[in-house]
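Chemist: This structure is in structure tokens; I'll ask about it shortly.
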Amino acid sequence: MVVVMEKNATQAQIEHVVATLIEKNFDVHRSTGISRTVIGAIGDKANFDEREFLVLDGVSEVVRITEPYKLASRTFHPENTIVQIKDVKIGGDEVVVMAGPCSIENEEQIETIAALVKKSGAKILRGGAFKPRTSPYSFQGMGEEGLRIMRAAADRNDLLIVSEIMDRAQLDMMVNYCDILQVGARNMQNFDLLKALGKVQTPILLKRGMSATIEETLMSAEYIMAGGNYNVIICERGIRTFEKYTRNTMDISAIPVIQKLSHLPIIADPSHGTGIRNKVAPMARASVAAGAHGLQIEVHHDPDHAASDGAQSLYPEQFDRLMEECRLIAKAIGKRM
Ligand code: PEP
Ligand code: MN
């Protein structure tokens, strides 16, 4: 951290800042220029609040140099993390696709969609059994019965499963059905849930909160990793902005930014990122081109009658074409799909 003093800071103010830094176990290096004093503070500390120094008399600016996250940071782990589940590797050269309905609705629906997405090349079946709906009157998901029928459909089609966990009370039950547990955007800062997920080894798909900065997203990954679970995959799913033409604003730039800051795999969800069917494919293609390690796409065989998010769900033919297009893009940047 660097503390820049004001031009007219007094000697006493400078001494006080230095003393405060030493008291907090920082190594202090002071350099005095013609007009200002700059104080360099070195310490292996993830846990400090730079505002504690900003409020001291005579301080003009405080600049943090190291990231507040350690385990998620590329600085401390330069190689990409590859999350492996059975023979599927997320975080390497292969772009891995998770596809399926927003919600599991019934046996016939999940079986039909599982077979279709498998045929198009998806490796992982998505589907919510516990749905975080804005309205309490909307379909809330089938619960455990939904997971049971999704597991059966996935096994019949040789697919893995990702499904959203909304509460830590669901954890013991869900690990019996799911290969990946998804933390939804609305729960990205449910710290009790994140801590509980740190105690299992099931891979976690952590979706960026709709108003979360990239740093906050990585801090949430840090929560899970600090508990001992290093199998974390980040998911960019759009953030809330003032724009109204799309449900969210798909932040494609988060993909290379996160890849620079962190070794964790990062995938993209253009379905929630745009909220509109005809915007999903362009943003999916852009995400692959930007270097995403995978995609999560909502697909439904009958989206007009879907229990949730029909408007952003692709028809199977659209998904199939998108997979073809993404394969070409992946190849063009030296990846496989
Ligand atoms: C979902 O994937 O079903 C979902 C609700 O996504 P998000 O948490 O990104 O809104
Ligand atoms: Mn959805």
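Chain labels follow the order of the structure tokens: the first chain is A, the next B, and so on; residue numbering restarts at 1 in every chain, and ligands are counted from 1 in their shown order.
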Skipping near chain neighbours, those fewer than 4 positions away, what residues fall within 10 Å of A:Ile214 using only C-alpha atoms, listed as a short mmCIF file (atom, residue, chain, number, x, y, z; two decimals) with N, CA and C atoms, in the first residue's frame?

Modeler:
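Dumped to selection.cif:
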data_model
loop_
_atom_site.label_atom_id
_atom_site.label_comp_id
_atom_site.auth_asym_id
_atom_site.auth_seq_id
_atom_site.Cartn_x
_atom_site.Cartn_y
_atom_site.Cartn_z
N ARG A 208 -21.67 -14.32 -10.81
CA ARG A 208 -21.44 -12.94 -10.39
C ARG A 208 -22.77 -12.31 -9.98
N GLY A 209 -22.79 -11.63 -8.86
CA GLY A 209 -23.99 -10.93 -8.42
C GLY A 209 -24.34 -9.83 -9.40
N LEU A 218 -14.56 -12.05 -6.84
CA LEU A 218 -13.39 -12.86 -6.45
C LEU A 218 -13.29 -13.01 -4.93
N MET A 219 -13.77 -12.03 -4.19
CA MET A 219 -13.80 -12.18 -2.73
C MET A 219 -14.77 -13.28 -2.31
N SER A 220 -15.86 -13.43 -3.06
CA SER A 220 -16.81 -14.52 -2.76
C SER A 220 -16.18 -15.87 -3.08
N GLU A 236 -19.75 -15.30 -15.41
CA GLU A 236 -20.26 -13.96 -15.74
C GLU A 236 -21.67 -14.13 -16.31
N ALA A 254 -15.41 -8.83 -18.47
CA ALA A 254 -15.08 -9.49 -17.19
C ALA A 254 -14.27 -10.77 -17.44
N ILE A 255 -14.47 -11.38 -18.62
CA ILE A 255 -13.78 -12.65 -18.88
C ILE A 255 -12.24 -12.46 -18.91
N VAL A 257 -10.61 -9.90 -17.86
CA VAL A 257 -10.17 -9.26 -16.60
C VAL A 257 -9.98 -10.32 -15.52
N ILE A 258 -10.96 -11.20 -15.38
CA ILE A 258 -10.86 -12.25 -14.35
C ILE A 258 -9.72 -13.21 -14.67
N LEU A 261 -6.63 -11.64 -13.36
CA LEU A 261 -6.54 -11.52 -11.90
C LEU A 261 -6.51 -12.87 -11.19
#

Chemist: At a cut-off of 8 Å around ligand 2, and using only C-alpha atoms and all ligand atoms, what residues come up? Please write them as a PyMOL selection string.

Modeler: chain A and resi 101-103+128+271-272+298+308-309+312

Chemist: Just C-alpha atoms for this one: save the residues we selected as a PDB file, in the first residue's frame.

Modeler:
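Result went into again_34.pdb, see below:
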ATOM      1  CA  PRO A 101     -33.904 -25.668 -19.014  1.00  0.00           C
ATOM      2  CA  CYS A 102     -34.134 -22.856 -16.508  1.00  0.00           C
ATOM      3  CA  SER A 103     -36.262 -25.129 -14.277  1.00  0.00           C
ATOM      4  CA  GLY A 128     -32.992 -25.539 -11.363  1.00  0.00           C
ATOM      5  CA  SER A 271     -29.049 -16.419 -21.309  1.00  0.00           C
ATOM      6  CA  HIS A 272     -29.411 -14.487 -18.060  1.00  0.00           C
ATOM      7  CA  GLU A 298     -30.817 -22.196 -21.305  1.00  0.00           C
ATOM      8  CA  SER A 308     -39.553 -20.012 -16.184  1.00  0.00           C
ATOM      9  CA  ASP A 309     -37.334 -17.989 -18.505  1.00  0.00           C
ATOM     10  CA  GLN A 312     -34.422 -16.447 -23.101  1.00  0.00           C
TER      11      GLN A 312
END

Chemist: For A:Pro270, find every residue with an atom within 10 Å (counting only C-alpha atoms), except residues of its own chain fewer than 4 positions away, and show them as a PDB file with N, CA and C atoms, in the first residue's frame.

Modeler:
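Writing done, so here's part_9.pdb:
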ATOM      1  N   GLU A 236     -19.747 -15.297 -15.411  1.00  0.00           N
ATOM      2  CA  GLU A 236     -20.263 -13.955 -15.740  1.00  0.00           C
ATOM      3  C   GLU A 236     -21.669 -14.133 -16.308  1.00  0.00           C
ATOM      4  N   ARG A 237     -22.660 -13.455 -15.715  1.00  0.00           N
ATOM      5  CA  ARG A 237     -24.051 -13.631 -16.154  1.00  0.00           C
ATOM      6  C   ARG A 237     -24.762 -12.295 -16.327  1.00  0.00           C
ATOM      7  N   GLY A 238     -23.948 -11.260 -16.562  1.00  0.00           N
ATOM      8  CA  GLY A 238     -24.577  -9.957 -16.779  1.00  0.00           C
ATOM      9  C   GLY A 238     -24.770  -9.209 -15.476  1.00  0.00           C
ATOM     10  N   ASN A 248     -30.099  -7.834 -18.500  1.00  0.00           N
ATOM     11  CA  ASN A 248     -28.873  -7.414 -17.814  1.00  0.00           C
ATOM     12  C   ASN A 248     -27.905  -6.940 -18.889  1.00  0.00           C
ATOM     13  N   THR A 249     -26.777  -6.408 -18.486  1.00  0.00           N
ATOM     14  CA  THR A 249     -25.755  -6.031 -19.457  1.00  0.00           C
ATOM     15  C   THR A 249     -24.642  -7.070 -19.355  1.00  0.00           C
ATOM     16  N   MET A 250     -24.470  -7.822 -20.441  1.00  0.00           N
ATOM     17  CA  MET A 250     -23.489  -8.911 -20.431  1.00  0.00           C
ATOM     18  C   MET A 250     -22.085  -8.300 -20.444  1.00  0.00           C
ATOM     19  N   ASP A 251     -21.344  -8.496 -19.382  1.00  0.00           N
ATOM     20  CA  ASP A 251     -20.022  -7.872 -19.269  1.00  0.00           C
ATOM     21  C   ASP A 251     -18.956  -8.845 -19.792  1.00  0.00           C
ATOM     22  N   ILE A 252     -18.802  -8.845 -21.113  1.00  0.00           N
ATOM     23  CA  ILE A 252     -17.829  -9.764 -21.721  1.00  0.00           C
ATOM     24  C   ILE A 252     -16.416  -9.433 -21.251  1.00  0.00           C
ATOM     25  N   THR A 274     -28.512 -11.625 -21.155  1.00  0.00           N
ATOM     26  CA  THR A 274     -29.292 -10.775 -22.074  1.00  0.00           C
ATOM     27  C   THR A 274     -30.791 -10.875 -21.820  1.00  0.00           C
ATOM     28  N   GLY A 275     -31.263 -12.067 -21.455  1.00  0.00           N
ATOM     29  CA  GLY A 275     -32.680 -12.252 -21.154  1.00  0.00           C
ATOM     30  C   GLY A 275     -33.567 -12.362 -22.376  1.00  0.00           C
ATOM     31  N   ILE A 276     -32.991 -12.309 -23.572  1.00  0.00           N
ATOM     32  CA  ILE A 276     -33.790 -12.340 -24.803  1.00  0.00           C
ATOM     33  C   ILE A 276     -33.171 -13.349 -25.759  1.00  0.00           C
ATOM     34  N   ARG A 277     -34.031 -14.266 -26.235  1.00  0.00           N
ATOM     35  CA  ARG A 277     -33.547 -15.398 -27.029  1.00  0.00           C
ATOM     36  C   ARG A 277     -32.616 -14.984 -28.175  1.00  0.00           C
ATOM     37  N   LYS A 279     -30.676 -12.600 -28.551  1.00  0.00           N
ATOM     38  CA  LYS A 279     -29.392 -11.982 -28.165  1.00  0.00           C
ATOM     39  C   LYS A 279     -28.420 -13.004 -27.565  1.00  0.00           C
ATOM     40  N   VAL A 280     -28.929 -14.212 -27.314  1.00  0.00           N
ATOM     41  CA  VAL A 280     -28.109 -15.201 -26.601  1.00  0.00           C
ATOM     42  C   VAL A 280     -26.945 -15.693 -27.472  1.00  0.00           C
ATOM     43  N   ALA A 281     -27.253 -16.041 -28.728  1.00  0.00           N
ATOM     44  CA  ALA A 281     -26.196 -16.593 -29.582  1.00  0.00           C
ATOM     45  C   ALA A 281     -25.065 -15.587 -29.834  1.00  0.00           C
ATOM     46  N   PRO A 282     -25.381 -14.320 -30.197  1.00  0.00           N
ATOM     47  CA  PRO A 282     -24.262 -13.380 -30.415  1.00  0.00           C
ATOM     48  C   PRO A 282     -23.362 -13.226 -29.176  1.00  0.00           C
ATOM     49  N   MET A 283     -23.986 -13.174 -27.994  1.00  0.00           N
ATOM     50  CA  MET A 283     -23.170 -13.007 -26.774  1.00  0.00           C
ATOM     51  C   MET A 283     -22.427 -14.293 -26.410  1.00  0.00           C
ATOM     52  N   ALA A 284     -23.012 -15.430 -26.759  1.00  0.00           N
ATOM     53  CA  ALA A 284     -22.303 -16.703 -26.522  1.00  0.00           C
ATOM     54  C   ALA A 284     -21.065 -16.771 -27.417  1.00  0.00           C
ATOM     55  N   ARG A 285     -21.254 -16.391 -28.686  1.00  0.00           N
ATOM     56  CA  ARG A 285     -20.108 -16.431 -29.617  1.00  0.00           C
ATOM     57  C   ARG A 285     -19.021 -15.465 -29.144  1.00  0.00           C
ATOM     58  N   ALA A 286     -19.468 -14.285 -28.700  1.00  0.00           N
ATOM     59  CA  ALA A 286     -18.502 -13.284 -28.226  1.00  0.00           C
ATOM     60  C   ALA A 286     -17.758 -13.784 -26.988  1.00  0.00           C
ATOM     61  N   SER A 287     -18.458 -14.502 -26.135  1.00  0.00           N
ATOM     62  CA  SER A 287     -17.825 -15.005 -24.902  1.00  0.00           C
ATOM     63  C   SER A 287     -16.750 -16.033 -25.225  1.00  0.00           C
ATOM     64  N   LEU A 295     -19.633 -22.276 -21.365  1.00  0.00           N
ATOM     65  CA  LEU A 295     -20.877 -21.517 -21.524  1.00  0.00           C
ATOM     66  C   LEU A 295     -21.957 -22.211 -20.714  1.00  0.00           C
ATOM     67  N   GLN A 296     -22.880 -21.412 -20.226  1.00  0.00           N
ATOM     68  CA  GLN A 296     -24.091 -21.989 -19.665  1.00  0.00           C
ATOM     69  C   GLN A 296     -25.266 -21.395 -20.431  1.00  0.00           C
ATOM     70  N   ILE A 297     -26.057 -22.258 -21.061  1.00  0.00           N
ATOM     71  CA  ILE A 297     -27.108 -21.789 -21.958  1.00  0.00           C
ATOM     72  C   ILE A 297     -28.442 -22.437 -21.593  1.00  0.00           C
ATOM     73  N   GLU A 298     -29.485 -21.636 -21.544  1.00  0.00           N
ATOM     74  CA  GLU A 298     -30.817 -22.196 -21.305  1.00  0.00           C
ATOM     75  C   GLU A 298     -31.419 -22.665 -22.634  1.00  0.00           C
ATOM     76  N   GLN A 312     -35.874 -16.446 -22.850  1.00  0.00           N
ATOM     77  CA  GLN A 312     -34.422 -16.447 -23.101  1.00  0.00           C
ATOM     78  C   GLN A 312     -33.898 -17.856 -23.416  1.00  0.00           C
TER      79      GLN A 312
END

Chemist: Kindly give the distance, in Å, that separates atom CA of A:Ile266 and atom CA of A:His293, rounded to a single decimal.

Modeler: 5.7 Å

Chemist: Using only C-alpha atoms, which residue out of A:His77, A:Arg30, A:Lys118, A:His305 lies closest to A:Leu159?

Modeler: A:Lys118

Chemist: Step one, run DSSP on the backbone; step two, keep only residues of stretch 23-88 of chain A assigned to strand (DSSP E or B); then write them as a VMD selection string.

Modeler: chain A and resid 27 to 32 37 to 42 59 to 63 73 83 to 85 88

Chemist: Would you save the residues from that selection as an mmCIF file, in the first residue's frame, using C-alpha atoms?

Modeler:
data_model
loop_
_atom_site.group_PDB
_atom_site.id
_atom_site.type_symbol
_atom_site.label_atom_id
_atom_site.label_comp_id
_atom_site.auth_asym_id
_atom_site.auth_seq_id
_atom_site.Cartn_x
_atom_site.Cartn_y
_atom_site.Cartn_z
ATOM 1 C CA ASP A 27 7.091 -2.309 7.136
ATOM 2 C CA VAL A 28 7.372 1.393 6.439
ATOM 3 C CA HIS A 29 9.479 3.087 3.737
ATOM 4 C CA ARG A 30 9.308 6.812 3.670
ATOM 5 C CA SER A 31 10.362 9.019 0.772
ATOM 6 C CA THR A 32 10.186 12.756 0.845
ATOM 7 C CA THR A 37 5.990 12.732 1.341
ATOM 8 C CA VAL A 38 5.032 9.281 0.067
ATOM 9 C CA ILE A 39 4.950 6.376 2.492
ATOM 10 C CA GLY A 40 5.257 2.819 1.221
ATOM 11 C CA ALA A 41 3.760 0.206 3.528
ATOM 12 C CA ILE A 42 4.634 -3.437 3.010
ATOM 13 C CA VAL A 59 -3.323 12.034 4.054
ATOM 14 C CA SER A 60 -4.230 12.797 0.459
ATOM 15 C CA GLU A 61 -4.459 9.359 -1.141
ATOM 16 C CA VAL A 62 -4.120 5.679 -0.275
ATOM 17 C CA VAL A 63 -3.394 3.185 -3.040
ATOM 18 C CA SER A 73 -5.380 -14.619 -7.055
ATOM 19 C CA VAL A 83 -11.657 -28.240 -12.298
ATOM 20 C CA GLN A 84 -12.072 -31.869 -13.257
ATOM 21 C CA ILE A 85 -15.296 -33.793 -12.798
ATOM 22 C CA VAL A 88 -14.765 -33.265 -18.018
#
